[in-house]
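input.txt (compact mmCIF, C-alpha atoms and all ligand atoms)
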# COMPACT_ATOMS: atom_id res chain seq x y z
CA MET G 27 12.14 -55.59 -15.38
CA ASN G 28 11.94 -56.33 -11.68
CA VAL G 29 15.37 -56.55 -10.10
CA LEU G 30 16.56 -57.73 -6.67
CA LEU G 31 19.92 -56.34 -5.54
CA ILE G 32 21.74 -58.17 -2.77
CA GLY G 33 24.14 -56.33 -0.48
CA SER G 34 24.37 -53.33 1.85
CA GLY G 35 27.59 -51.41 1.19
CA GLY G 36 28.75 -48.44 -0.82
CA ARG G 37 29.29 -50.71 -3.80
CA GLU G 38 25.63 -51.71 -3.72
CA HIS G 39 24.48 -48.09 -3.31
CA ALA G 40 26.44 -47.23 -6.48
CA LEU G 41 24.86 -50.22 -8.27
CA ALA G 42 21.37 -49.28 -7.04
CA TRP G 43 21.88 -45.66 -8.15
CA LYS G 44 22.90 -46.80 -11.63
CA LEU G 45 20.21 -49.50 -11.92
CA ALA G 46 17.54 -46.99 -10.85
CA ALA G 47 18.40 -44.91 -13.93
CA SER G 48 17.76 -47.82 -16.30
CA PRO G 49 14.98 -47.43 -18.87
CA LEU G 50 14.41 -51.20 -18.53
CA LEU G 51 13.64 -51.02 -14.81
CA THR G 52 10.13 -51.45 -13.47
CA LYS G 53 10.93 -52.03 -9.81
CA LEU G 54 14.15 -52.36 -7.81
CA TYR G 55 14.21 -54.27 -4.53
CA ALA G 56 17.26 -54.49 -2.26
CA ALA G 57 18.19 -56.76 0.65
CA PRO G 58 19.45 -55.94 3.19
CA GLY G 59 20.17 -52.48 1.69
CA ASN G 60 21.04 -49.26 3.56
CA PRO G 61 19.50 -45.77 3.88
CA GLY G 62 21.20 -44.59 0.68
CA ILE G 63 19.99 -47.61 -1.28
CA ALA G 64 16.51 -46.96 0.15
CA GLU G 65 16.36 -43.80 -1.97
CA ASP G 66 16.64 -45.90 -5.13
CA ALA G 67 15.02 -49.21 -4.15
CA GLU G 68 12.43 -50.79 -1.91
CA ILE G 69 14.26 -52.41 1.00
CA VAL G 70 13.04 -55.91 1.77
CA ALA G 71 13.60 -57.89 4.96
CA LEU G 72 15.08 -60.97 3.40
CA LYS G 73 17.75 -63.18 4.95
CA THR G 74 20.00 -63.52 1.95
CA ASP G 75 21.87 -66.56 3.33
CA ASN G 76 18.53 -68.39 3.20
CA HIS G 77 18.57 -69.33 -0.47
CA ALA G 78 15.09 -70.84 -0.39
CA ALA G 79 13.73 -67.54 0.93
CA VAL G 80 15.48 -65.60 -1.83
CA ILE G 81 14.04 -67.97 -4.45
CA ALA G 82 10.53 -67.70 -2.97
CA PHE G 83 10.77 -63.89 -3.00
CA ALA G 84 12.03 -63.87 -6.59
CA LYS G 85 9.09 -66.02 -7.72
CA GLU G 86 6.51 -64.03 -5.76
CA LYS G 87 7.71 -60.65 -7.06
CA LYS G 88 8.43 -61.91 -10.59
CA ILE G 89 12.09 -60.90 -10.35
CA ASP G 90 13.74 -60.90 -13.79
CA LEU G 91 17.30 -60.57 -12.50
CA VAL G 92 19.00 -60.99 -9.12
CA VAL G 93 22.16 -58.90 -8.88
CA VAL G 94 24.60 -60.12 -6.24
CA GLY G 95 26.98 -57.41 -4.96
CA PRO G 96 29.30 -59.10 -2.45
CA GLU G 97 31.39 -62.27 -2.72
CA ALA G 98 30.09 -64.21 0.28
CA PRO G 99 26.69 -65.22 -1.22
CA LEU G 100 28.49 -66.24 -4.44
CA THR G 101 31.04 -68.50 -2.75
CA ALA G 102 28.10 -69.92 -0.74
CA GLY G 103 26.42 -70.98 -4.02
CA LEU G 104 23.50 -68.54 -4.18
CA ALA G 105 23.83 -68.25 -7.97
CA ASP G 106 23.77 -72.07 -8.36
CA ASP G 107 20.55 -72.32 -6.35
CA LEU G 108 18.87 -69.45 -8.18
CA ILE G 109 19.74 -70.89 -11.59
CA ALA G 110 18.51 -74.34 -10.54
CA ALA G 111 15.21 -72.71 -9.56
CA GLY G 112 14.96 -70.93 -12.92
CA VAL G 113 15.81 -67.45 -11.61
CA LYS G 114 18.25 -65.35 -13.65
CA VAL G 115 21.27 -64.07 -11.75
CA PHE G 116 24.16 -61.69 -12.28
CA GLY G 117 27.15 -63.28 -10.53
CA PRO G 118 29.17 -66.48 -10.85
CA GLN G 119 28.31 -69.89 -9.45
CA LYS G 120 30.17 -71.48 -6.58
CA ILE G 121 33.01 -73.21 -8.45
CA PRO G 122 34.07 -70.25 -10.62
CA ALA G 123 33.64 -68.02 -7.53
CA THR G 124 36.52 -70.03 -6.08
CA LEU G 125 38.72 -67.61 -8.06
CA GLU G 126 38.21 -65.33 -5.06
CA GLY G 127 37.46 -67.95 -2.42
CA SER G 128 40.74 -69.85 -2.72
CA LYS G 129 44.20 -68.43 -3.38
CA SER G 130 45.58 -71.85 -4.32
CA PHE G 131 42.76 -72.48 -6.86
CA THR G 132 43.74 -69.26 -8.67
CA LYS G 133 47.48 -69.87 -8.43
CA ARG G 134 47.06 -73.36 -9.93
CA LEU G 135 44.91 -72.01 -12.73
CA CYS G 136 47.64 -69.45 -13.47
CA ALA G 137 50.37 -72.11 -13.45
CA GLU G 138 48.40 -74.42 -15.78
CA ASN G 139 47.62 -71.63 -18.26
CA ASN G 140 50.86 -69.63 -18.26
CA ILE G 141 49.15 -66.61 -16.73
CA PRO G 142 51.68 -64.06 -15.46
CA THR G 143 51.59 -63.95 -11.66
CA ALA G 144 54.07 -63.98 -8.77
CA ALA G 145 56.15 -67.19 -8.53
CA PHE G 146 54.77 -69.24 -5.66
CA ILE G 147 54.69 -72.47 -3.70
CA GLU G 148 51.72 -73.91 -1.89
CA THR G 149 52.21 -76.07 1.14
CA LYS G 150 50.38 -77.62 4.07
CA SER G 151 53.59 -77.90 6.08
CA ARG G 152 54.80 -75.15 8.41
CA GLU G 153 58.30 -76.66 8.19
CA ALA G 154 58.30 -76.39 4.39
CA ALA G 155 56.97 -72.84 4.63
CA ARG G 156 59.77 -71.83 6.99
CA ALA G 157 62.40 -73.54 4.83
CA HIS G 158 61.11 -71.69 1.75
CA ILE G 159 61.31 -68.35 3.57
CA GLU G 160 64.85 -69.15 4.81
CA LYS G 161 65.90 -69.93 1.25
CA HIS G 162 64.26 -66.97 -0.54
CA GLY G 163 64.43 -64.27 2.14
CA ALA G 164 62.33 -61.10 2.16
CA PRO G 165 60.34 -59.25 1.00
CA ILE G 166 57.98 -62.18 0.59
CA VAL G 167 54.19 -62.63 0.69
CA LEU G 168 52.14 -65.19 2.66
CA LYS G 169 48.50 -65.91 1.82
CA ALA G 170 45.93 -67.88 3.79
CA ASP G 171 43.27 -69.76 1.83
CA GLY G 172 39.59 -68.74 2.04
CA LEU G 173 37.84 -65.36 2.42
CA HIS G 174 39.38 -63.17 5.12
CA ALA G 175 38.03 -59.71 4.24
CA GLY G 176 41.44 -58.56 3.00
CA LYS G 177 43.25 -59.74 6.15
CA GLY G 178 44.51 -63.09 4.82
CA VAL G 179 47.57 -61.62 3.08
CA ILE G 180 50.81 -60.71 4.83
CA VAL G 181 53.43 -58.79 2.89
CA ALA G 182 56.54 -59.35 5.03
CA MET G 183 59.33 -56.85 4.41
CA ASP G 184 61.92 -58.79 6.44
CA LYS G 185 62.63 -62.45 7.09
CA ALA G 186 61.86 -62.38 10.84
CA GLU G 187 58.40 -60.93 10.12
CA ALA G 188 57.79 -63.61 7.48
CA LEU G 189 58.77 -66.42 9.83
CA LEU G 190 56.49 -64.99 12.52
CA ALA G 191 53.60 -64.82 10.04
CA VAL G 192 53.74 -68.55 9.23
CA ASP G 193 51.68 -69.66 12.25
CA GLN G 194 49.20 -66.83 11.67
CA VAL G 195 48.37 -67.74 8.06
CA PHE G 196 48.16 -71.45 8.82
CA ALA G 197 45.73 -70.71 11.67
CA MET G 198 43.52 -68.64 9.31
CA GLY G 199 43.39 -71.14 6.47
CA GLY G 200 42.26 -74.20 8.42
CA ASN G 201 43.47 -77.33 6.62
CA ALA G 202 43.89 -75.62 3.26
CA PRO G 203 47.36 -75.06 1.80
CA VAL G 204 49.11 -71.74 2.36
CA VAL G 205 50.50 -69.86 -0.63
CA ILE G 206 53.92 -68.24 -0.31
CA GLU G 207 54.84 -66.02 -3.19
CA GLU G 208 57.36 -63.68 -4.64
CA PHE G 209 57.00 -59.99 -3.75
CA LEU G 210 56.00 -57.98 -6.82
CA ASP G 211 57.39 -54.49 -7.11
CA GLY G 212 55.37 -51.94 -9.07
CA GLU G 213 52.16 -49.91 -9.11
CA GLU G 214 48.84 -51.63 -8.34
CA ALA G 215 45.76 -51.18 -10.50
CA SER G 216 42.48 -52.99 -10.83
CA TYR G 217 40.61 -53.81 -14.00
CA PHE G 218 37.04 -54.99 -14.51
CA CYS G 219 35.44 -57.11 -17.21
CA PHE G 220 32.02 -58.64 -17.70
CA VAL G 221 32.58 -62.30 -18.52
CA HIS G 222 30.23 -65.06 -19.66
CA GLY G 223 31.95 -68.29 -20.61
CA GLU G 224 34.58 -67.25 -23.16
CA GLN G 225 32.87 -63.92 -23.92
CA VAL G 226 34.63 -60.93 -22.40
CA LEU G 227 33.39 -57.32 -22.37
CA PRO G 228 36.17 -55.07 -21.04
CA LEU G 229 34.97 -52.33 -18.67
CA ALA G 230 37.48 -49.91 -17.14
CA SER G 231 40.38 -49.57 -14.70
CA ALA G 232 40.64 -48.03 -11.25
CA GLN G 233 43.15 -47.55 -8.49
CA ASP G 234 42.36 -48.17 -4.83
CA HIS G 235 44.18 -46.89 -1.72
CA LYS G 236 44.35 -49.81 0.70
CA ARG G 237 46.31 -48.35 3.63
CA VAL G 238 44.34 -46.45 6.24
CA PHE G 239 46.50 -43.30 6.50
CA ASP G 240 47.99 -40.69 4.16
CA ASN G 241 51.20 -41.62 2.31
CA ASP G 242 50.07 -45.26 2.27
CA GLN G 243 50.84 -45.71 5.97
CA GLY G 244 49.15 -47.90 8.58
CA PRO G 245 47.26 -51.17 8.31
CA ASN G 246 45.44 -52.50 5.24
CA THR G 247 41.74 -51.73 4.89
CA GLY G 248 39.01 -52.66 2.43
CA GLY G 249 39.97 -49.47 0.56
CA MET G 250 40.02 -45.78 1.61
CA GLY G 251 39.40 -44.20 -1.76
CA ALA G 252 39.71 -44.81 -5.47
CA TYR G 253 39.71 -43.18 -8.85
CA SER G 254 39.03 -44.27 -12.40
CA PRO G 255 40.60 -44.63 -14.89
CA ALA G 256 44.09 -45.52 -13.60
CA PRO G 257 46.65 -43.70 -15.80
CA VAL G 258 49.21 -46.49 -15.24
CA PHE G 259 46.82 -48.86 -17.03
CA THR G 260 47.55 -47.91 -20.64
CA LYS G 261 45.85 -49.30 -23.78
CA GLU G 262 48.91 -51.52 -24.36
CA ILE G 263 48.77 -52.93 -20.85
CA GLU G 264 45.02 -53.48 -21.25
CA GLN G 265 45.56 -55.58 -24.40
CA GLU G 266 48.27 -57.60 -22.66
CA VAL G 267 46.01 -58.22 -19.64
CA LEU G 268 43.12 -59.31 -21.87
CA GLU G 269 45.25 -61.69 -23.96
CA LYS G 270 47.51 -63.13 -21.25
CA ILE G 271 45.29 -63.06 -18.18
CA VAL G 272 41.54 -62.57 -18.71
CA ARG G 273 40.88 -64.64 -21.84
CA PRO G 274 42.98 -67.64 -20.76
CA THR G 275 41.13 -67.63 -17.42
CA ALA G 276 37.70 -67.48 -19.07
CA ARG G 277 38.73 -70.25 -21.49
CA ALA G 278 40.13 -72.52 -18.76
CA LEU G 279 36.99 -72.25 -16.62
CA SER G 280 34.76 -72.90 -19.63
CA LYS G 281 36.82 -75.93 -20.70
CA ALA G 282 36.57 -77.31 -17.16
CA GLY G 283 32.76 -77.15 -17.47
CA THR G 284 32.53 -74.42 -14.81
CA PRO G 285 32.10 -71.26 -16.90
CA TYR G 286 32.29 -67.85 -15.27
CA SER G 287 29.38 -65.41 -15.49
CA GLY G 288 29.46 -61.99 -13.87
CA VAL G 289 31.95 -59.22 -13.31
CA LEU G 290 35.57 -60.23 -12.89
CA TYR G 291 37.82 -58.01 -10.76
CA ILE G 292 41.40 -58.34 -11.93
CA GLY G 293 43.87 -57.13 -9.28
CA LEU G 294 47.19 -56.34 -10.96
CA MET G 295 50.70 -55.25 -10.23
CA ILE G 296 52.16 -53.30 -13.14
CA THR G 297 55.81 -54.37 -12.87
CA LYS G 298 58.78 -53.50 -15.06
CA ASP G 299 58.25 -56.92 -16.69
CA GLY G 300 54.62 -56.12 -17.50
CA PRO G 301 51.31 -56.68 -15.72
CA LYS G 302 51.03 -59.59 -13.28
CA LEU G 303 47.93 -60.95 -11.61
CA ILE G 304 47.82 -60.43 -7.83
CA GLU G 305 44.32 -61.72 -7.27
CA TYR G 306 40.87 -62.20 -8.73
CA ASN G 307 37.66 -61.11 -7.07
CA VAL G 308 34.29 -62.29 -8.33
CA ARG G 309 32.43 -58.99 -7.80
CA PHE G 310 32.94 -55.29 -8.27
CA GLY G 311 35.51 -53.64 -6.01
CA ASP G 312 34.40 -51.54 -3.08
CA PRO G 313 35.12 -48.57 -3.41
CA GLU G 314 36.13 -49.09 -7.08
CA CYS G 315 32.51 -49.63 -8.15
CA GLN G 316 31.66 -46.18 -6.80
CA VAL G 317 33.99 -44.60 -9.38
CA LEU G 318 33.03 -46.89 -12.26
CA MET G 319 29.25 -46.33 -12.10
CA PRO G 320 29.31 -42.50 -12.46
CA ARG G 321 31.60 -42.88 -15.51
CA MET G 322 29.45 -45.50 -17.27
CA LYS G 323 27.40 -43.89 -20.03
CA ASP G 324 25.45 -46.97 -21.09
CA ASP G 325 22.73 -48.82 -19.25
CA LEU G 326 24.04 -51.11 -16.50
CA LEU G 327 20.92 -53.28 -16.39
CA THR G 328 21.14 -54.01 -20.15
CA LEU G 329 24.78 -55.07 -19.69
CA MET G 330 24.11 -57.21 -16.62
CA LEU G 331 21.28 -58.94 -18.45
CA ALA G 332 23.55 -59.54 -21.46
CA THR G 333 26.12 -61.04 -19.08
CA ALA G 334 23.59 -63.41 -17.53
CA ASN G 335 22.23 -64.35 -20.99
CA GLY G 336 25.63 -64.88 -22.60
CA GLU G 337 25.13 -62.05 -25.09
CA LEU G 338 28.30 -60.08 -24.40
CA ASP G 339 29.54 -60.62 -27.96
CA LYS G 340 26.74 -58.30 -29.09
CA SER G 341 27.37 -55.74 -26.33
CA SER G 342 29.46 -52.61 -26.03
CA VAL G 343 29.94 -50.03 -23.32
CA ARG G 344 30.90 -46.36 -23.42
CA TRP G 345 32.47 -44.24 -20.70
CA ARG G 346 32.46 -40.56 -19.95
CA ASP G 347 35.68 -38.69 -20.65
CA GLU G 348 35.59 -37.37 -17.10
CA VAL G 349 37.48 -39.10 -14.35
CA ALA G 350 35.83 -40.05 -11.07
CA ILE G 351 37.24 -40.10 -7.58
CA THR G 352 35.76 -41.34 -4.32
CA VAL G 353 36.93 -40.56 -0.81
CA VAL G 354 35.89 -42.94 1.97
CA PHE G 355 34.63 -41.20 5.11
CA ALA G 356 35.41 -43.78 7.80
CA ASN G 357 34.71 -44.20 11.48
CA GLN G 358 37.59 -43.31 13.84
CA GLY G 359 39.25 -46.58 14.86
CA TYR G 360 38.62 -48.38 11.55
CA PRO G 361 40.00 -50.89 10.47
CA GLY G 362 40.18 -51.74 14.20
CA SER G 363 37.27 -51.29 16.59
CA TYR G 364 35.02 -48.22 16.42
CA LYS G 365 31.73 -46.92 17.79
CA SER G 366 28.61 -46.67 15.64
CA GLY G 367 25.54 -44.50 16.18
CA ALA G 368 26.82 -40.91 15.90
CA GLU G 369 24.71 -38.49 13.86
CA ILE G 370 25.91 -37.37 10.44
CA ARG G 371 24.66 -34.04 9.06
CA GLY G 372 25.07 -32.22 5.79
CA ILE G 373 24.99 -35.06 3.27
CA GLU G 374 22.48 -33.12 1.13
CA LYS G 375 24.81 -30.07 1.08
CA ALA G 376 27.62 -32.30 -0.19
CA ASN G 377 25.34 -33.82 -2.83
CA ALA G 378 24.47 -30.33 -4.10
CA ILE G 379 28.02 -29.71 -5.38
CA GLU G 380 28.33 -30.13 -9.15
CA GLY G 381 29.42 -33.64 -10.11
CA VAL G 382 29.19 -34.97 -6.54
CA THR G 383 27.26 -38.05 -5.35
CA VAL G 384 27.51 -39.34 -1.79
CA PHE G 385 27.09 -43.09 -1.56
CA HIS G 386 26.13 -44.65 1.77
CA ALA G 387 28.29 -47.56 2.92
CA GLY G 388 27.75 -47.99 6.67
CA THR G 389 24.83 -45.85 7.78
CA LYS G 390 21.45 -46.38 9.39
CA ARG G 391 18.37 -44.23 9.58
CA ASP G 392 16.78 -43.11 12.84
CA GLY G 393 13.67 -41.08 12.02
CA ASP G 394 14.99 -38.23 9.89
CA LYS G 395 18.55 -38.65 11.16
CA ILE G 396 21.39 -40.54 9.50
CA LEU G 397 23.71 -42.35 11.94
CA SER G 398 27.04 -44.08 11.42
CA ASN G 399 26.73 -47.86 11.33
CA GLY G 400 30.03 -49.41 10.33
CA GLY G 401 33.70 -48.82 9.59
CA ARG G 402 33.52 -47.36 6.12
CA VAL G 403 30.50 -45.04 6.38
CA LEU G 404 30.20 -42.76 3.32
CA ASN G 405 31.83 -42.62 -0.12
CA VAL G 406 32.02 -39.04 -1.32
CA THR G 407 32.30 -39.35 -5.09
CA ALA G 408 32.97 -36.68 -7.71
CA LEU G 409 33.41 -36.42 -11.47
CA GLY G 410 35.80 -33.91 -13.00
CA LYS G 411 37.73 -33.09 -16.16
CA SER G 412 40.93 -34.18 -14.36
CA VAL G 413 41.75 -36.01 -11.14
CA THR G 414 42.81 -32.61 -9.80
CA GLU G 415 39.32 -31.17 -10.45
CA ALA G 416 37.44 -34.25 -9.26
CA ARG G 417 39.52 -34.36 -6.11
CA GLU G 418 38.88 -30.67 -5.36
CA ARG G 419 35.12 -31.29 -5.63
CA ALA G 420 35.18 -34.43 -3.50
CA TYR G 421 37.15 -32.78 -0.69
CA ARG G 422 34.98 -29.65 -0.84
CA ALA G 423 31.94 -31.93 -0.48
CA ILE G 424 33.37 -33.94 2.40
CA GLY G 425 34.13 -30.64 4.17
CA LEU G 426 30.38 -29.90 4.20
CA ILE G 427 29.55 -33.11 6.03
CA ASP G 428 29.34 -32.67 9.76
CA TRP G 429 30.50 -35.86 11.48
CA PRO G 430 33.23 -35.24 14.07
CA GLN G 431 33.69 -38.98 14.67
CA GLY G 432 34.75 -39.57 11.07
CA PHE G 433 38.12 -39.41 9.34
CA TYR G 434 39.41 -39.69 5.79
CA ARG G 435 42.65 -39.79 3.84
CA SER G 436 43.55 -36.39 2.46
CA ASP G 437 45.69 -37.69 -0.42
CA ILE G 438 43.36 -39.85 -2.52
CA GLY G 439 44.49 -39.72 -6.15
CA TRP G 440 48.07 -38.60 -5.38
CA ARG G 441 49.70 -40.81 -8.01
CA ALA G 442 47.45 -39.52 -10.79
CA ILE G 443 47.83 -35.93 -9.60
CA GLU G 444 51.63 -36.21 -9.69
CA ARG G 445 51.28 -37.45 -13.27
CA GLU G 446 48.93 -34.56 -14.15
CA LYS G 447 51.42 -32.06 -12.66
CA ALA G 448 54.28 -33.60 -14.65
CA ARG G 449 52.44 -33.13 -17.94
P1 LIG P 501 45.03 -59.62 -1.86
O1 LIG P 501 44.15 -59.95 -0.69
O2 LIG P 501 45.50 -60.78 -2.65
O3 LIG P 501 44.43 -58.50 -2.65
O4 LIG P 501 46.32 -58.92 -1.27
C1 LIG P 501 46.19 -57.74 -0.49
C2 LIG P 501 47.26 -56.76 -0.89
O5 LIG P 501 48.55 -57.33 -0.64
C3 LIG P 501 47.29 -56.44 -2.38
O6 LIG P 501 46.38 -55.44 -2.70
C4 LIG P 501 48.72 -56.01 -2.56
O7 LIG P 501 48.90 -54.67 -2.14
C5 LIG P 501 49.47 -56.90 -1.60
N1 LIG P 501 50.04 -58.05 -2.30
C6 LIG P 501 49.46 -59.25 -2.51
N2 LIG P 501 50.28 -60.09 -3.19
C7 LIG P 501 51.42 -59.38 -3.41
C8 LIG P 501 52.66 -59.68 -4.05
N3 LIG P 501 52.91 -60.89 -4.57
N4 LIG P 501 53.60 -58.72 -4.09
C9 LIG P 501 53.38 -57.50 -3.54
N5 LIG P 501 52.25 -57.16 -2.92
C10 LIG P 501 51.26 -58.09 -2.84
N1 LIG P 502 38.77 -52.39 -2.75
C1 LIG P 502 39.27 -53.71 -2.82
C2 LIG P 502 38.27 -54.75 -2.99
O1 LIG P 502 37.10 -54.50 -3.22
O2 LIG P 502 38.64 -55.91 -2.89

Structure translated into structure tokens:
Amino acid sequence: MNVLLIGSGGREHALAWKLAASPLLTKLYAAPGNPGIAEDAEIVALKTDNHAAVIAFAKEKKIDLVVVGPEAPLTAGLADDLIAAGVKVFGPQKIPATLEGSKSFTKRLCAENNIPTAAFIETKSREAARAHIEKHGAPIVLKADGLHAGKGVIVAMDKAEALLAVDQVFAMGGNAPVVIEEFLDGEEASYFCFVHGEQVLPLASAQDHKRVFDNDQGPNTGGMGAYSPAPVFTKEIEQEVLEKIVRPTARALSKAGTPYSGVLYIGLMITKDGPKLIEYNVRFGDPECQVLMPRMKDDLLTLMLATANGELDKSSVRWRDEVAITVVFANQGYPGSYKSGAEIRGIEKANAIEGVTVFHAGTKRDGDKILSNGGRVLNVTALGKSVTEARERAYRAIGLIDWPQGFYRSDIGWRAIEREKAR
């Protein structure tokens, strides 16, 4: 098979690395790619927001499957255009991609299908928003509609902060309604399933670390590290999530004539009243994908093809017993402003450690040098028999990478490690 992978982050490097190992693969292309992806794929200069150009490329190169990594091309309708042109695609079409693109779309779907989620109101009125906050107090959560790269959500711990945030979320969401919801107390976990119509193939769980600094301090980021599986996500919780959240969602979208096809990212809060949906994303998580791919025993391309073809009922997937952890090596200043272009040395030394794979997220190549080129720059990933072992390998590997302008959290995996110590 000829495959075109769209995207340029650490998630897409992990996908490229796993696709490159597929016995079904003839040739992997990637656009826009990155220097890590270039080791597994041929990078092509293709403007991926030009759907006609993507279609023309797919026809010319006889692409059997287009794999879309990030959400933006999906909410822009790339999958719709590819399907209309007869090109197979892994990733949902525009309307089901609204699960990620619009908070109020997802909250309504939850309300109509009894899906456990935080109690909420949606409103277009700043007055009504303020009145709701006055009545319910804090903590409380405000969410702007649309894609805001993780910055559209404000978790206000006191009432004054919540009232101040009202203008901010209305400004972000344009004319769309703002969602104000109950604060959920618990431990967060994410869960991934391949979905086609009403067919669901459960994958695995992971736990991200969203705050920039150790001890979950500082501003929210796209994610500073992750591990899989998440011990908080037990078999019982998994069954409950499948029956109460994932299947009703797949059914509702199918009944509406807008079936989902692709990977569904289920963001959960595990509360004392059971799992509740925080959000859906219509793609793999970044950096969660980087810990799922090394654990997947079966062939990713076979599974992605089965998803696109609606053959998930005949599919199964096996996972290694080992756990995986990834530590994000980020640029000083991230998630604020930072400087790109500093040289990074020693990636090959890190890769030489048993169980370690370094995925590129924000790098560029200059001759034989690798330079930083973004906020989240490398994802140092390790397998191990326990989170404790995987973490030791990952931090040993990151210590071999010479990049003085970088920083990382030193406590990735702390919740799982506390659990391992308590055993
Ligand atoms: P989202 O963009 O929906 O993923 O929200 C970003 C982050 O805000 C989540 O990962 C949670 O940590 C937090 N969050 C969102 N909604 C809630 C909620 N209802 N209660 C507590 N925390 C929340
Ligand atoms: N790591 C969080 C996300 O991909 O949305």

Next item on the list: Show me which residues sit within 9 Å of ligand LIG 502 (chain P) when counting only C-alpha atoms and all ligand atoms, and put them as an MDAnalysis selection string.
Entry: chainID G and resid 37 175:176 216 233:236 247:252 291 293 306:307 309:315

Notebook entry, point to check: Using only C-alpha atoms and all ligand atoms, which protein or nucleic acid residues are at most 6 Å from ligand LIG 501 (chain P), as JSON, numbers by chain?
Noted result: {"G": [144, 167, 176, 179, 207, 208, 209, 210, 304, 305]}

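In this model, the gap between atom CA of G:Lys85 and atom CA of G:Phe220 comes to 26.1 Å.
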
Next item on the list: Compile the contact shell of G:Pro361 as a PyMOL selection string: residues with an atom at most 8 Å away, counting all atoms listed in the file, same-chain residues fewer than 5 positions apart removed.
Entry: chain G and resi 238+245-247+401

Please dump the current selection as an mmCIF file, in the frame of the given file; keep C-alpha atoms.
data_model
loop_
_atom_site.group_PDB
_atom_site.id
_atom_site.type_symbol
_atom_site.label_atom_id
_atom_site.label_comp_id
_atom_site.auth_asym_id
_atom_site.auth_seq_id
_atom_site.Cartn_x
_atom_site.Cartn_y
_atom_site.Cartn_z
ATOM 1 C CA VAL G 238 44.340 -46.450 6.240
ATOM 2 C CA PRO G 245 47.260 -51.170 8.310
ATOM 3 C CA ASN G 246 45.440 -52.500 5.240
ATOM 4 C CA THR G 247 41.740 -51.730 4.890
ATOM 5 C CA GLY G 401 33.700 -48.820 9.590
#

Notebook entry, point to check: Hey, which of G:Glu97, G:Glu86, G:Asp171, G:Glu269 ends up closest to G:Asn139? Count all atoms listed in the file.
Noted result: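 Between G:Glu97, G:Glu86, G:Asp171, G:Glu269, the residue approaching G:Asn139 most closely is G:Glu269.
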
Checklist line | Closest of G:Thr333, G:Gln119, G:Thr143, G:Thr124 to G:Glu224 - atom-to-atom distances counting all atoms listed in the file | finding: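 With all atoms listed in the file as the atom set, the closest residue is G:Thr333.
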
Next item on the list: Compare G:Gln194, G:Gly425, G:Val413, G:Val317 by their minimum atom-to-atom distance to G:Arg445, counting only C-alpha atoms, and give me the closest one.
Entry: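 The answer is G:Val413, which sits nearest to G:Arg445.
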
Margin query: Quick one: residues within 12 Å of stretch 78-81 of chain G, all atoms listed in the file, excluding same-chain residues fewer than 5 positions away - as a count of residues only?
Written below: 34

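Each of G:Gln431, G:Arg344, G:Thr297, G:Gly393 was checked against G:Ser366 using all atoms listed in the file; the smallest atom-to-atom distance is that of G:Gln431.
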
Checklist line | Top pick for closest residue to G:Ser151, considering G:Val289, G:Ile351, G:Ala47, G:Ile206 and counting only C-alpha atoms | finding: G:Ile206

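Minimum atom-to-atom distance to G:Asn399, evaluated using only C-alpha atoms, belongs to G:His386 out of G:His222, G:Arg435, G:His386, G:Lys169.
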
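Across the structure, atom CA of G:Ile296 and atom CA of G:Phe259 are spaced 8.0 Å apart.
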
Note to self: Residues within 12 Å of G:Glu160, please, as a PyMOL selection string. Count all atoms listed in the file; anything in the same chain fewer than 3 positions from it doesn't count.
What the structure shows: chain G and resi 153-157+163-166+184-189+192
